[in-house]
Each structure stands twice: as C-alpha cells, then as structure tokens.
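Peer 1: Contents of upload16.pdb (PDB, C-alpha atoms and all ligand atoms) are below:
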```pdb
ATOM      1  CA  MET A   1      20.140  10.390   0.660
ATOM      2  CA  GLN A   2      22.906  11.404   3.069
ATOM      3  CA  GLY A   3      24.539   9.277   5.721
ATOM      4  CA  LEU A   4      24.016   5.874   4.074
ATOM      5  CA  ALA A   5      26.783   3.310   4.335
ATOM      6  CA  ARG A   6      25.480   1.526   1.200
ATOM      7  CA  PRO A   7      23.666   2.758  -1.948
ATOM      8  CA  LEU A   8      20.048   1.703  -2.642
ATOM      9  CA  PRO A   9      19.691  -1.476  -4.755
ATOM     10  CA  LYS A  10      18.816  -1.231  -8.490
ATOM     11  CA  ARG A  11      15.336  -0.016  -9.370
ATOM     12  CA  PHE A  12      13.372  -0.691 -12.587
ATOM     13  CA  LYS A  13      11.378   2.381 -13.665
ATOM     14  CA  LEU A  14       7.653   1.633 -13.785
ATOM     15  CA  THR A  15       6.124   5.079 -13.241
ATOM     16  CA  SER A  16       6.626   8.844 -13.210
ATOM     17  CA  LEU A  17       7.510  10.443  -9.896
ATOM     18  CA  PRO A  18       6.793  12.445  -7.775
ATOM     19  CA  THR A  19       3.063  12.036  -7.172
ATOM     20  CA  PRO A  20       1.226  15.209  -6.134
ATOM     21  CA  ILE A  21       0.278  16.294  -2.618
ATOM     22  CA  GLU A  22      -3.072  18.107  -2.505
ATOM     23  CA  GLU A  23      -4.961  19.887   0.271
ATOM     24  CA  LEU A  24      -8.376  18.459   1.231
ATOM     25  CA  ASP A  25      -9.798  21.558   2.890
ATOM     26  CA  ARG A  26     -13.497  20.588   2.933
ATOM     27  CA  LEU A  27     -12.889  17.072   4.285
ATOM     28  CA  GLY A  28     -10.245  18.398   6.705
ATOM     29  CA  GLU A  29     -12.710  20.971   8.080
ATOM     30  CA  ARG A  30     -15.312  18.258   8.603
ATOM     31  CA  ILE A  31     -12.809  16.064  10.507
ATOM     32  CA  GLY A  32     -11.175  18.943  12.416
ATOM     33  CA  VAL A  33      -7.602  18.840  11.054
ATOM     34  CA  ARG A  34      -5.552  20.473   8.312
ATOM     35  CA  LEU A  35      -5.663  17.603   5.805
ATOM     36  CA  TYR A  36      -3.514  16.772   2.777
ATOM     37  CA  VAL A  37      -3.383  13.702   0.544
ATOM     38  CA  LYS A  38      -0.399  12.043  -1.145
ATOM     39  CA  ARG A  39      -1.823  10.809  -4.442
ATOM     40  CA  ASP A  40      -0.082   7.453  -4.843
ATOM     41  CA  ASP A  41      -3.323   6.259  -6.431
ATOM     42  CA  LEU A  42      -2.062   8.267  -9.434
ATOM     43  CA  LEU A  43       1.158   6.284  -9.925
ATOM     44  CA  SER A  44       0.968   5.706 -13.649
ATOM     45  CA  LEU A  45       1.406   1.930 -14.051
ATOM     46  CA  GLY A  46      -1.711  -0.287 -14.369
ATOM     47  CA  LEU A  47      -4.151   2.083 -12.558
ATOM     48  CA  GLY A  48      -1.706   2.936  -9.782
ATOM     49  CA  GLY A  49      -1.415   2.318  -6.049
ATOM     50  CA  ASN A  50       1.307   1.710  -3.465
ATOM     51  CA  LYS A  51       2.516  -1.593  -4.948
ATOM     52  CA  VAL A  52       4.034   0.243  -7.923
ATOM     53  CA  ARG A  53       6.754   1.772  -5.733
ATOM     54  CA  LYS A  54       7.556  -1.604  -4.150
ATOM     55  CA  LEU A  55       7.609  -3.337  -7.524
ATOM     56  CA  GLU A  56      10.185  -0.898  -8.910
ATOM     57  CA  TYR A  57      12.700  -2.408  -6.475
ATOM     58  CA  LEU A  58      11.370  -5.977  -6.677
ATOM     59  CA  VAL A  59      11.530  -6.035 -10.488
ATOM     60  CA  GLY A  60      14.988  -4.406 -10.346
ATOM     61  CA  ASP A  61      16.087  -7.280  -8.105
ATOM     62  CA  ALA A  62      14.413  -9.909 -10.341
ATOM     63  CA  ILE A  63      16.250  -8.539 -13.393
ATOM     64  CA  GLU A  64      19.563  -8.531 -11.502
ATOM     65  CA  LYS A  65      18.959 -12.220 -10.737
ATOM     66  CA  GLY A  66      18.153 -13.015 -14.398
ATOM     67  CA  CYS A  67      14.523 -14.051 -13.695
ATOM     68  CA  LYS A  68      11.877 -14.280 -16.407
ATOM     69  CA  MET A  69       8.739 -14.755 -14.308
ATOM     70  CA  LEU A  70       7.175 -12.930 -11.341
ATOM     71  CA  ALA A  71       5.000 -15.137  -9.117
ATOM     72  CA  THR A  72       2.868 -13.985  -6.208
ATOM     73  CA  SER A  73      -0.329 -14.658  -4.267
ATOM     74  CA  GLY A  74      -3.137 -12.542  -2.882
ATOM     75  CA  ALA A  75      -6.884 -12.323  -2.416
ATOM     76  CA  VAL A  76      -9.026 -12.356  -5.583
ATOM     77  CA  HIS A  77      -9.330  -8.580  -5.219
ATOM     78  CA  SER A  78      -5.573  -8.096  -4.723
ATOM     79  CA  ASN A  79      -4.137  -4.811  -5.985
ATOM     80  CA  HIS A  80      -0.682  -6.268  -5.509
ATOM     81  CA  ALA A  81      -1.515  -9.129  -7.900
ATOM     82  CA  ARG A  82      -2.859  -6.721 -10.535
ATOM     83  CA  LEU A  83       0.243  -4.550 -10.325
ATOM     84  CA  THR A  84       2.591  -7.548 -10.372
ATOM     85  CA  ALA A  85       0.916  -8.531 -13.666
ATOM     86  CA  ALA A  86       1.309  -4.969 -14.970
ATOM     87  CA  ALA A  87       4.964  -4.777 -13.883
ATOM     88  CA  ALA A  88       5.722  -8.133 -15.507
ATOM     89  CA  ALA A  89       4.157  -6.920 -18.769
ATOM     90  CA  LYS A  90       6.231  -3.723 -18.703
ATOM     91  CA  ALA A  91       9.445  -5.602 -17.931
ATOM     92  CA  GLY A  92       8.789  -8.242 -20.637
ATOM     93  CA  MET A  93       8.335 -11.014 -18.060
ATOM     94  CA  LYS A  94       5.593 -13.563 -17.339
ATOM     95  CA  ALA A  95       3.299 -13.304 -14.305
ATOM     96  CA  PHE A  96       1.858 -16.168 -12.263
ATOM     97  CA  LEU A  97      -0.873 -15.210  -9.777
ATOM     98  CA  ALA A  98      -2.338 -17.611  -7.199
ATOM     99  CA  LEU A  99      -5.465 -15.947  -5.830
ATOM    100  CA  TRP A 100      -7.612 -16.998  -2.883
ATOM    101  CA  GLY A 101     -11.299 -16.389  -2.327
ATOM    102  CA  SER A 102     -14.649 -17.492  -3.646
ATOM    103  CA  GLY A 103     -14.377 -15.583  -6.920
ATOM    104  CA  GLU A 104     -18.203 -15.307  -6.722
ATOM    105  CA  GLU A 105     -18.141 -11.743  -8.038
ATOM    106  CA  GLY A 106     -16.855 -13.047 -11.384
ATOM    107  CA  GLU A 107     -14.325 -11.308 -13.645
ATOM    108  CA  GLN A 108     -14.641  -7.798 -12.277
ATOM    109  CA  GLY A 109     -12.310  -5.138 -10.889
ATOM    110  CA  ASN A 110      -8.776  -6.385 -10.258
ATOM    111  CA  LEU A 111      -9.528  -9.930 -11.399
ATOM    112  CA  LEU A 112     -10.630  -8.631 -14.803
ATOM    113  CA  LEU A 113      -7.491  -6.491 -15.004
ATOM    114  CA  ASP A 114      -5.218  -9.450 -14.072
ATOM    115  CA  ASP A 115      -6.595 -11.270 -17.096
ATOM    116  CA  ILE A 116      -6.341  -8.247 -19.414
ATOM    117  CA  LEU A 117      -2.710  -7.841 -18.303
ATOM    118  CA  GLY A 118      -1.942 -11.377 -19.476
ATOM    119  CA  ALA A 119      -1.226 -13.113 -16.146
ATOM    120  CA  ASP A 120      -1.509 -16.870 -15.669
ATOM    121  CA  ILE A 121      -4.171 -17.017 -12.905
ATOM    122  CA  LYS A 122      -5.155 -19.823 -10.512
ATOM    123  CA  ILE A 123      -8.035 -19.304  -8.050
ATOM    124  CA  VAL A 124      -8.159 -21.467  -4.912
ATOM    125  CA  GLU A 125     -10.160 -21.349  -1.676
ATOM    126  CA  ASP A 126      -7.621 -20.480   0.961
ATOM    127  CA  ARG A 127      -4.569 -18.318   1.471
ATOM    128  CA  GLU A 128      -2.177 -21.160   2.450
ATOM    129  CA  GLU A 129      -2.967 -23.083  -0.710
ATOM    130  CA  ALA A 130      -2.338 -19.993  -2.851
ATOM    131  CA  GLU A 131       1.023 -19.444  -1.137
ATOM    132  CA  ARG A 132       1.915 -23.116  -1.747
ATOM    133  CA  LEU A 133       1.142 -22.799  -5.465
ATOM    134  CA  VAL A 134       3.580 -19.884  -5.691
ATOM    135  CA  GLU A 135       6.280 -22.019  -4.030
ATOM    136  CA  GLU A 136       5.633 -24.851  -6.461
ATOM    137  CA  VAL A 137       5.308 -22.991  -9.775
ATOM    138  CA  GLU A 138       8.023 -23.969 -12.229
ATOM    139  CA  GLY A 139       9.747 -21.792 -14.800
ATOM    140  CA  ASP A 140      13.014 -20.327 -15.984
ATOM    141  CA  CYS A 141      14.212 -18.517 -12.803
ATOM    142  CA  VAL A 142      10.959 -17.644 -11.036
ATOM    143  CA  TYR A 143      11.095 -14.533  -8.822
ATOM    144  CA  ARG A 144       8.710 -15.204  -5.919
ATOM    145  CA  ILE A 145       7.205 -12.112  -4.315
ATOM    146  CA  PRO A 146       5.591 -12.417  -0.848
ATOM    147  CA  PRO A 147       1.922 -11.348  -0.488
ATOM    148  CA  GLY A 148       1.625  -7.559  -0.704
ATOM    149  CA  GLY A 149       5.247  -7.225  -1.882
ATOM    150  CA  ALA A 150       6.151  -7.316   1.816
ATOM    151  CA  SER A 151       9.913  -7.744   1.798
ATOM    152  CA  VAL A 152      12.789  -5.465   2.687
ATOM    153  CA  ILE A 153      13.439  -4.880  -1.039
ATOM    154  CA  GLY A 154       9.771  -3.933  -1.577
ATOM    155  CA  ALA A 155       9.705  -1.618   1.448
ATOM    156  CA  LEU A 156      12.591   0.378  -0.077
ATOM    157  CA  GLY A 157      10.013   1.893  -2.443
ATOM    158  CA  TYR A 158       8.470   3.677   0.522
ATOM    159  CA  LEU A 159      11.805   4.751   1.937
ATOM    160  CA  GLN A 160      12.189   6.557  -1.390
ATOM    161  CA  ALA A 161       8.632   7.944  -0.994
ATOM    162  CA  ALA A 162       9.566   9.361   2.440
ATOM    163  CA  VAL A 163      12.445  11.274   0.835
ATOM    164  CA  GLU A 164      10.073  12.497  -1.901
ATOM    165  CA  ILE A 165       7.517  13.723   0.677
ATOM    166  CA  ALA A 166      10.217  15.493   2.712
ATOM    167  CA  SER A 167      11.388  17.392  -0.334
ATOM    168  CA  GLN A 168       7.771  18.315  -1.220
ATOM    169  CA  GLU A 169       7.388  19.665   2.333
ATOM    170  CA  ASP A 170      10.573  21.710   1.964
ATOM    171  CA  GLU A 171       9.488  23.127  -1.410
ATOM    172  CA  SER A 172       5.966  24.044  -0.283
ATOM    173  CA  GLY A 173       6.779  25.233   3.236
ATOM    174  CA  ILE A 174       4.048  22.937   4.658
ATOM    175  CA  SER A 175       5.059  20.479   7.342
ATOM    176  CA  PHE A 176       3.029  17.479   8.456
ATOM    177  CA  ASP A 177       2.659  16.480  12.106
ATOM    178  CA  TYR A 178       1.144  13.116  11.255
ATOM    179  CA  MET A 179       1.231  10.715   8.358
ATOM    180  CA  VAL A 180      -1.745   8.347   8.075
ATOM    181  CA  ILE A 181      -1.206   5.081   6.187
ATOM    182  CA  PRO A 182      -3.607   2.253   5.213
ATOM    183  CA  THR A 183      -1.817  -0.851   6.539
ATOM    184  CA  GLY A 184      -2.109  -4.460   5.359
ATOM    185  CA  THR A 185       1.196  -6.338   5.484
ATOM    186  CA  GLY A 186       2.917  -3.265   6.980
ATOM    187  CA  ALA A 187       5.594  -2.853   4.289
ATOM    188  CA  THR A 188       4.416   0.606   3.187
ATOM    189  CA  LEU A 189       4.409   1.831   6.780
ATOM    190  CA  ALA A 190       7.821   0.169   7.385
ATOM    191  CA  GLY A 191       9.437   1.945   4.411
ATOM    192  CA  LEU A 192       8.026   5.336   5.447
ATOM    193  CA  LEU A 193       9.081   4.684   9.043
ATOM    194  CA  ALA A 194      12.655   3.823   8.044
ATOM    195  CA  GLY A 195      12.724   7.055   6.003
ATOM    196  CA  SER A 196      11.325   9.110   8.884
ATOM    197  CA  VAL A 197      13.880   7.612  11.315
ATOM    198  CA  LEU A 198      16.716   8.347   8.868
ATOM    199  CA  MET A 199      15.552  11.969   8.734
ATOM    200  CA  GLY A 200      15.663  12.316  12.522
ATOM    201  CA  GLY A 201      12.096  11.216  13.376
ATOM    202  CA  ARG A 202      10.445  13.635  11.002
ATOM    203  CA  TRP A 203       6.769  12.564  11.368
ATOM    204  CA  LYS A 204       4.394  10.752  13.714
ATOM    205  CA  LEU A 205       3.276   7.803  11.599
ATOM    206  CA  ILE A 206      -0.042   6.075  12.164
ATOM    207  CA  GLY A 207      -0.824   2.849  10.356
ATOM    208  CA  PHE A 208      -4.503   1.906  10.173
ATOM    209  CA  ASP A 209      -4.563  -1.891  10.270
ATOM    210  CA  VAL A 210      -7.193  -3.288   7.874
ATOM    211  CA  GLY A 211      -6.790  -6.768   9.380
ATOM    212  CA  PHE A 212      -4.784  -8.549   6.660
ATOM    213  CA  GLU A 213      -2.280 -10.040   9.121
ATOM    214  CA  GLY A 214      -4.851 -10.704  11.838
ATOM    215  CA  GLY A 215      -3.356  -8.310  14.433
ATOM    216  CA  LYS A 216       0.326  -9.301  14.073
ATOM    217  CA  VAL A 217       1.282  -6.407  11.845
ATOM    218  CA  VAL A 218       3.219  -4.437  14.481
ATOM    219  CA  GLU A 219       5.976  -7.097  14.662
ATOM    220  CA  ASP A 220       6.142  -7.183  10.867
ATOM    221  CA  VAL A 221       6.472  -3.390  10.600
ATOM    222  CA  GLU A 222       9.269  -3.331  13.147
ATOM    223  CA  GLY A 223      11.100  -6.220  11.406
ATOM    224  CA  LEU A 224      10.788  -4.744   7.916
ATOM    225  CA  ALA A 225      11.823  -1.233   9.024
ATOM    226  CA  ARG A 226      14.837  -2.741  10.806
ATOM    227  CA  GLY A 227      15.637  -4.757   7.648
ATOM    228  CA  VAL A 228      15.530  -1.616   5.477
ATOM    229  CA  LEU A 229      17.916   0.225   7.816
ATOM    230  CA  ASP A 230      20.241  -2.823   7.908
ATOM    231  CA  GLU A 231      20.161  -3.040   4.104
ATOM    232  CA  LEU A 232      21.427   0.545   4.035
ATOM    233  CA  GLY A 233      24.019  -0.077   6.719
ATOM    234  CA  VAL A 234      22.338   2.330   9.161
ATOM    235  CA  CYS A 235      22.087   1.658  12.882
ATOM    236  CA  ALA A 236      19.218   3.655  14.430
ATOM    237  CA  ASP A 237      16.400   3.297  16.956
ATOM    238  CA  ILE A 238      12.973   2.628  15.487
ATOM    239  CA  HIS A 239      10.396   4.966  17.001
ATOM    240  CA  GLY A 240       7.636   7.383  16.115
ATOM    241  CA  TYR A 241       4.818   5.137  14.942
ATOM    242  CA  ARG A 242       1.609   3.512  16.113
ATOM    243  CA  VAL A 243      -0.748   0.991  14.559
ATOM    244  CA  LEU A 244      -4.477   1.456  15.224
ATOM    245  CA  ASP A 245      -7.186  -1.047  14.427
ATOM    246  CA  ALA A 246      -9.316  -0.224  11.385
ATOM    247  CA  SER A 247     -10.479  -3.726  10.487
ATOM    248  CA  TYR A 248     -14.202  -2.938  10.888
ATOM    249  CA  GLY A 249     -15.388  -6.559  10.915
ATOM    250  CA  GLY A 250     -12.243  -8.176   9.465
ATOM    251  CA  TYR A 251     -10.069  -8.166   6.373
ATOM    252  CA  GLY A 252     -12.117  -7.754   3.220
ATOM    253  CA  VAL A 253     -15.420  -7.332   5.108
ATOM    254  CA  ILE A 254     -17.256  -4.306   3.787
ATOM    255  CA  SER A 255     -19.001  -2.372   6.550
ATOM    256  CA  ARG A 256     -21.426   0.520   6.628
ATOM    257  CA  ARG A 257     -18.995   2.663   8.664
ATOM    258  CA  VAL A 258     -16.441   2.342   5.877
ATOM    259  CA  ILE A 259     -18.967   3.120   3.166
ATOM    260  CA  ASP A 260     -19.844   6.296   5.129
ATOM    261  CA  ALA A 261     -16.176   7.335   5.029
ATOM    262  CA  ILE A 262     -16.016   6.630   1.280
ATOM    263  CA  LEU A 263     -19.112   8.789   0.710
ATOM    264  CA  SER A 264     -17.659  11.540   2.880
ATOM    265  CA  ALA A 265     -14.418  11.763   0.822
ATOM    266  CA  ALA A 266     -16.312  11.505  -2.468
ATOM    267  CA  ARG A 267     -18.932  14.115  -1.589
ATOM    268  CA  THR A 268     -16.625  16.723  -0.065
ATOM    269  CA  GLU A 269     -13.565  16.354  -2.319
ATOM    270  CA  GLY A 270     -14.449  14.198  -5.344
ATOM    271  CA  LEU A 271     -11.819  11.801  -3.950
ATOM    272  CA  ILE A 272     -12.471   8.090  -4.554
ATOM    273  CA  LEU A 273     -11.413   5.505  -1.938
ATOM    274  CA  ASP A 274     -11.891   1.725  -1.821
ATOM    275  CA  PRO A 275     -13.767  -0.413   0.746
ATOM    276  CA  VAL A 276     -10.860  -2.750   1.787
ATOM    277  CA  TYR A 277      -7.892  -0.400   2.384
ATOM    278  CA  THR A 278      -8.173   3.368   1.966
ATOM    279  CA  GLY A 279     -11.848   3.649   3.019
ATOM    280  CA  LYS A 280     -11.043   1.721   6.217
ATOM    281  CA  ALA A 281      -8.027   3.948   6.881
ATOM    282  CA  LEU A 282     -10.143   7.089   6.487
ATOM    283  CA  ALA A 283     -12.837   5.704   8.817
ATOM    284  CA  GLY A 284     -10.145   4.771  11.360
ATOM    285  CA  PHE A 285      -8.550   8.187  11.054
ATOM    286  CA  GLU A 286     -11.870  10.030  11.524
ATOM    287  CA  ASP A 287     -12.594   7.897  14.593
ATOM    288  CA  ALA A 288      -9.064   8.517  15.973
ATOM    289  CA  VAL A 289      -9.520  12.303  15.744
ATOM    290  CA  ALA A 290     -12.986  12.036  17.316
ATOM    291  CA  SER A 291     -11.591  10.000  20.255
ATOM    292  CA  GLY A 292      -8.582  12.311  20.776
ATOM    293  CA  ASP A 293      -6.050   9.629  19.694
ATOM    294  CA  ILE A 294      -4.941  12.138  17.042
ATOM    295  CA  GLU A 295      -4.952  15.786  18.125
ATOM    296  CA  GLY A 296      -7.533  17.982  16.415
ATOM    297  CA  GLY A 297      -6.047  20.935  14.501
ATOM    298  CA  SER A 298      -2.928  18.936  13.503
ATOM    299  CA  SER A 299      -1.506  18.953  10.017
ATOM    300  CA  VAL A 300      -2.007  15.467   8.531
ATOM    301  CA  LEU A 301      -0.887  13.743   5.331
ATOM    302  CA  PHE A 302      -3.192  10.888   4.296
ATOM    303  CA  VAL A 303      -1.337   8.497   1.983
ATOM    304  CA  HIS A 304      -3.778   7.406  -0.745
ATOM    305  CA  THR A 305      -2.447   3.957  -1.581
ATOM    306  CA  GLY A 306      -4.878   3.293  -4.472
ATOM    307  CA  GLY A 307      -7.063   0.197  -4.752
ATOM    308  CA  ILE A 308      -9.992   1.765  -6.591
ATOM    309  CA  PRO A 309     -10.678  -1.297  -8.842
ATOM    310  CA  ILE A 310     -11.918  -3.085  -5.663
ATOM    311  CA  LEU A 311     -14.863  -0.671  -5.572
ATOM    312  CA  PHE A 312     -16.005  -2.125  -8.904
ATOM    313  CA  GLN A 313     -15.222  -5.731  -7.925
ATOM    314  CA  TYR A 314     -17.547  -5.464  -4.894
ATOM    315  CA  SER A 315     -20.023  -2.957  -6.356
ATOM    316  CA  LYS A 316     -23.073  -5.052  -5.370
ATOM    317  CA  ARG A 317     -22.070  -5.074  -1.679
ATOM    318  CA  VAL A 318     -21.179  -1.355  -1.790
ATOM    319  CA  VAL A 319     -24.539  -0.434  -3.313
ATOM    320  CA  LYS A 320     -26.399  -2.412  -0.613
ATOM    321  CA  LEU A 321     -24.731  -0.448   2.198
ATOM    322  CA  LYS A 322     -24.716   3.052   0.740
TER     323      LYS A 322
HETATM  324  C1  LIG B 401      -4.732  -0.040  -1.814
HETATM  325  C2  LIG B 401      -3.856  -0.614  -0.781
HETATM  326  N1  LIG B 401      -3.587   0.119   0.299
HETATM  327  C3  LIG B 401      -2.821  -0.342   1.295
HETATM  328  C4  LIG B 401      -2.286  -1.610   1.244
HETATM  329  C5  LIG B 401      -1.456  -2.074   2.381
HETATM  330  O1  LIG B 401      -0.103  -1.938   2.094
HETATM  331  P1  LIG B 401       0.944  -2.792   2.931
HETATM  332  O2  LIG B 401       0.677  -4.228   2.596
HETATM  333  O3  LIG B 401       2.245  -2.330   2.437
HETATM  334  O4  LIG B 401       0.708  -2.516   4.359
HETATM  335  C6  LIG B 401      -2.522  -2.418   0.134
HETATM  336  C7  LIG B 401      -1.963  -3.778   0.096
HETATM  337  O5  LIG B 401      -2.456  -4.696  -0.454
HETATM  338  C8  LIG B 401      -3.325  -1.916  -0.911
HETATM  339  O6  LIG B 401      -3.593  -2.645  -1.998
END
```
When written as structure tokens, how does the structure in this file appear?
Peer 2:
Amino acid sequence: MQGLARPLPKRFKLTSLPTPIEELDRLGERIGVRLYVKRDDLLSLGLGGNKVRKLEYLVGDAIEKGCKMLATSGAVHSNHARLTAAAAAKAGMKAFLALWGSGEEGEQGNLLLDDILGADIKIVEDREEAERLVEEVEGDCVYRIPPGGASVIGALGYLQAAVEIASQEDESGISFDYMVIPTGTGATLAGLLAGSVLMGGRWKLIGFDVGFEGGKVVEDVEGLARGVLDELGVCADIHGYRVLDASYGGYGVISRRVIDAILSAARTEGLILDPVYTGKALAGFEDAVASGDIEGGSSVLFVHTGGIPILFQYSKRVVKLK
C-alpha cells in the first residue's frame, strides 16, 4: 500500500486470499439495489468468517512475542472463539476459551467445533466472569485476545481486506457506492474504514450494529480506526461511515424479522446467513433501503462475515420462527 510511513506488522498465513465477490441479482432486485457479496464466509480456516483475517495478524504478533497459548472469551456461540481454536491448532499453539451463556443448547454448532478443535473450554454465566478467567489463565507466555479480536492488530486484517476489495473493483470495472458490514465489536468496520480513508474516502460504509457492545460501538470504531492509522504512521481525518441499529431485540436474541431476512437470502440466492450477525445485518440493510436511509438503485457490497455454525447451534429457535 502506498503512502505508509511504516510497514504492516507480521502476519501468519491461515487462509487463501482473495475471497470472491459475487453479484446477488435476484436478492438485489427484491431490495431495489445493485447488490454484491464479499464471501468472507469462504475463508478457508475452520469454516471461515471475518475472524480469520484478524487472527492472521494476532497470531503473527503472538509468534513474534514467543507465545504458546491463545486465550480469549466470547458467548457460547462465538465464531471468534471457534476460529481462535482453529488458528491455535494451525499455528501449533494451545487455545483457552472462556465462554459465557447458559450452554442449554448443548454441544452444537460453534461449541461442538471448539471441542473438536482441541480447545480448553470453560463455560460460565456472565461476560465479566469469562473475561476475568482469560486474565487469570496461566501458561508459558499466554497471548490474550480481546472479545471478537477487537484490537488495532486484529483490525489490520480488514485494512488488508479493503485493499483487496479495491483491487477487485479495479479488475472488474464495478464500483461500490456503499459497503454494508455486520458490526459487533466494530473492529471489522474499523479496519475497512481505515482502508477507505487511506484510499481517499473510497466508499460509504454502513455498520449494522447487532447489539454486542450495547450501543457504544461508534466510539470503539472511531478509536480502532484511529489506532490502525496511527500504527501505520498516517495522519488523516476519519469520515465516511455510519452505524445503524440492527439489534432486533438485543444481542443474540433471534427474532422473526431476522429469520425472514435469512429466508429471503436463502430462497433467492442459495446464500446462507446466521441469526446473530449476518441475518441481522441483512434485515437492517433491507429496512434502511425501505426507509430511504440508503438510496435505492445504489451499488452495494454486503460483506458476508460468516457465522453459519450459529444457525445449527440455535436450530430449535430458528425452526420455531420460520
Ligand atoms: C459472523 C460475524 N459477523 C460479524 C461479527 C462482528 O465483527 P466485529 O466484532 O469485528 O464488529 C462477528 C463477530 O463476532 C461475527 O462472528
């Protein structure tokens, strides 16, 4: 990338890149936009998803520091936890996962995969307790990763993705007015935003907040994007993004509106979304076009951030609402 005062930190290869961009003409026609999808659900490590790109930089950093264990926390359905376990396996490290939630669904979806991937798993009731367990875990140089991989180092994975998308635009001759991003901790949006700013404000970015940070995500996005630019020695104004609410009842709550969006993507495009992140982002996006918040007829890239194992973890609730 041009114009950087400092090179990007070391990255540990966990997947093949680039992921494809595909047109979703039937779904786009239904919504009233020209719609494309960035298939980051197809990132090849451990069933894919956005955390793979973040973990390439986080594991690179852990190796630089001589660490032998990755430790993180998340909900029992956490994609980030599953992919931390997968990344640790691939890098020859141990994984410690402190997961919060009732665990009433049993060993299904991501929780089943965490176990198959060989992680040491502790399930507790609340988020604070899980985060405390990560602080307290002992081992030979433990590399502690914040929930969702939300650090400046993690967000660099999506700076790299922004460069990848820009070169796919240049090769194909398609240009996107908007980029639509499922948003939890905000690190994916922050990385893409830093990339867009570096390329002169290339896209209008819209994060659909699924409620993970209880409404405080905007500050986090701003802080992480600023941190990424600082890391690279770049001084630039942060602009060109909005965060819209797509919590539909709260983080992890599965609502009928979201199931409708999942059915819509599946039945027009054969595209599978999940009920906690990508399904909520699609519902939020459809509602934003309907209300005029996003202009009809625009060219839009929907970033598919993965998460499909959650569909199986909560299959009973999904079936009830479908
Ligand atoms: C499938 C999926 N999409 C989106 C997100 C949100 O990404 P971020 O935390 O970077 O905002 C997550 C995070 O857990 C996720 O698992």
Peer 1: Residues at most 8 Å from ligand LIG 401 (chain B), using all atoms listed in the file? Could they come as a ChimeraX atom specification?
Peer 2: /A:41,49-51,78-80,147-150,155,181-190,209,274,276-278,304-308
Peer 1: Which residues fall under the PyMOL selection byres (((chain A and resi 121-124) around 6) and not hetatm) in this file, as a list in words?
Peer 2: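 Against this file, the PyMOL selection byres (((chain A and resi 121-124) around 6) and not hetatm) returns the residues Leu97, Ala98, Leu99, Trp100, Ala119, Asp120, Glu125 and Asp126 of chain A.
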Peer 1: So which residues fall inside 9 Å of (5.2, -1.0, -7.7) if we count only C-alpha atoms? Mind giving them as a list in words?
Peer 2: Leu14, Thr15, Leu43, Leu45, Gly48, Gly49, Asn50, Lys51, Val52, Arg53, Lys54, Leu55, Glu56, Tyr57, Leu58, Val59, His80, Leu83, Thr84, Ala87, Gly149, Gly154 and Gly157 of chain A
Peer 1: Since we have the selection now, will you write its residues out, keeping C-alpha atoms, as an mmCIF file, in the coordinates of the input?
Peer 2:
```
data_model
loop_
_atom_site.group_PDB
_atom_site.id
_atom_site.type_symbol
_atom_site.label_atom_id
_atom_site.label_comp_id
_atom_site.auth_asym_id
_atom_site.auth_seq_id
_atom_site.Cartn_x
_atom_site.Cartn_y
_atom_site.Cartn_z
ATOM 1 C CA LEU A 14 7.653 1.633 -13.785
ATOM 2 C CA THR A 15 6.124 5.079 -13.241
ATOM 3 C CA LEU A 43 1.158 6.284 -9.925
ATOM 4 C CA LEU A 45 1.406 1.930 -14.051
ATOM 5 C CA GLY A 48 -1.706 2.936 -9.782
ATOM 6 C CA GLY A 49 -1.415 2.318 -6.049
ATOM 7 C CA ASN A 50 1.307 1.710 -3.465
ATOM 8 C CA LYS A 51 2.516 -1.593 -4.948
ATOM 9 C CA VAL A 52 4.034 0.243 -7.923
ATOM 10 C CA ARG A 53 6.754 1.772 -5.733
ATOM 11 C CA LYS A 54 7.556 -1.604 -4.150
ATOM 12 C CA LEU A 55 7.609 -3.337 -7.524
ATOM 13 C CA GLU A 56 10.185 -0.898 -8.910
ATOM 14 C CA TYR A 57 12.700 -2.408 -6.475
ATOM 15 C CA LEU A 58 11.370 -5.977 -6.677
ATOM 16 C CA VAL A 59 11.530 -6.035 -10.488
ATOM 17 C CA HIS A 80 -0.682 -6.268 -5.509
ATOM 18 C CA LEU A 83 0.243 -4.550 -10.325
ATOM 19 C CA THR A 84 2.591 -7.548 -10.372
ATOM 20 C CA ALA A 87 4.964 -4.777 -13.883
ATOM 21 C CA GLY A 149 5.247 -7.225 -1.882
ATOM 22 C CA GLY A 154 9.771 -3.933 -1.577
ATOM 23 C CA GLY A 157 10.013 1.893 -2.443
#
```
Peer 1: Around (-2.9, 9.5, 14.0) in the file's own coordinates, what residues are found within 8 Å if you use all atoms listed in the file, given back as an mmCIF file with C-alpha atoms, keeping the file's coordinate frame?
Peer 2:
```
data_model
loop_
_atom_site.group_PDB
_atom_site.id
_atom_site.type_symbol
_atom_site.label_atom_id
_atom_site.label_comp_id
_atom_site.auth_asym_id
_atom_site.auth_seq_id
_atom_site.Cartn_x
_atom_site.Cartn_y
_atom_site.Cartn_z
ATOM 1 C CA TYR A 178 1.144 13.116 11.255
ATOM 2 C CA MET A 179 1.231 10.715 8.358
ATOM 3 C CA VAL A 180 -1.745 8.347 8.075
ATOM 4 C CA LYS A 204 4.394 10.752 13.714
ATOM 5 C CA LEU A 205 3.276 7.803 11.599
ATOM 6 C CA ILE A 206 -0.042 6.075 12.164
ATOM 7 C CA GLY A 207 -0.824 2.849 10.356
ATOM 8 C CA ARG A 242 1.609 3.512 16.113
ATOM 9 C CA PHE A 285 -8.550 8.187 11.054
ATOM 10 C CA ALA A 288 -9.064 8.517 15.973
ATOM 11 C CA VAL A 289 -9.520 12.303 15.744
ATOM 12 C CA ASP A 293 -6.050 9.629 19.694
ATOM 13 C CA ILE A 294 -4.941 12.138 17.042
ATOM 14 C CA GLU A 295 -4.952 15.786 18.125
#
```
Peer 1: How big is the axis-aligned box around all listed atoms of stretch 77-94 of chain A once 6 Å goes on each side, and where's its centre, in Å to one decimal, as lines of an AutoDock Vina configuration file?
Peer 2:
```
center_x = 0.1
center_y = -8.6
center_z = -12.7
size_x = 30.8
size_y = 21.8
size_z = 27.9
```
Peer 1: Considering all atoms listed in the file, return as a VMD selection string whatever protein or nucleic-acid residues lie within 7 Å of stretch 261-267 of chain A, sequence-local ones (same chain, fewer than 5 positions apart) excluded.
Peer 2: chain A and resid 27 272 to 273 279 282 to 283
Peer 1: Could you spell out the hits of the PyMOL selection byres (((chain A and resi 91) around 10) and not hetatm) on the shown file, as a PyMOL selection string?
Peer 2: chain A and resi 12-14+59-60+63+68-69+85-90+92-94
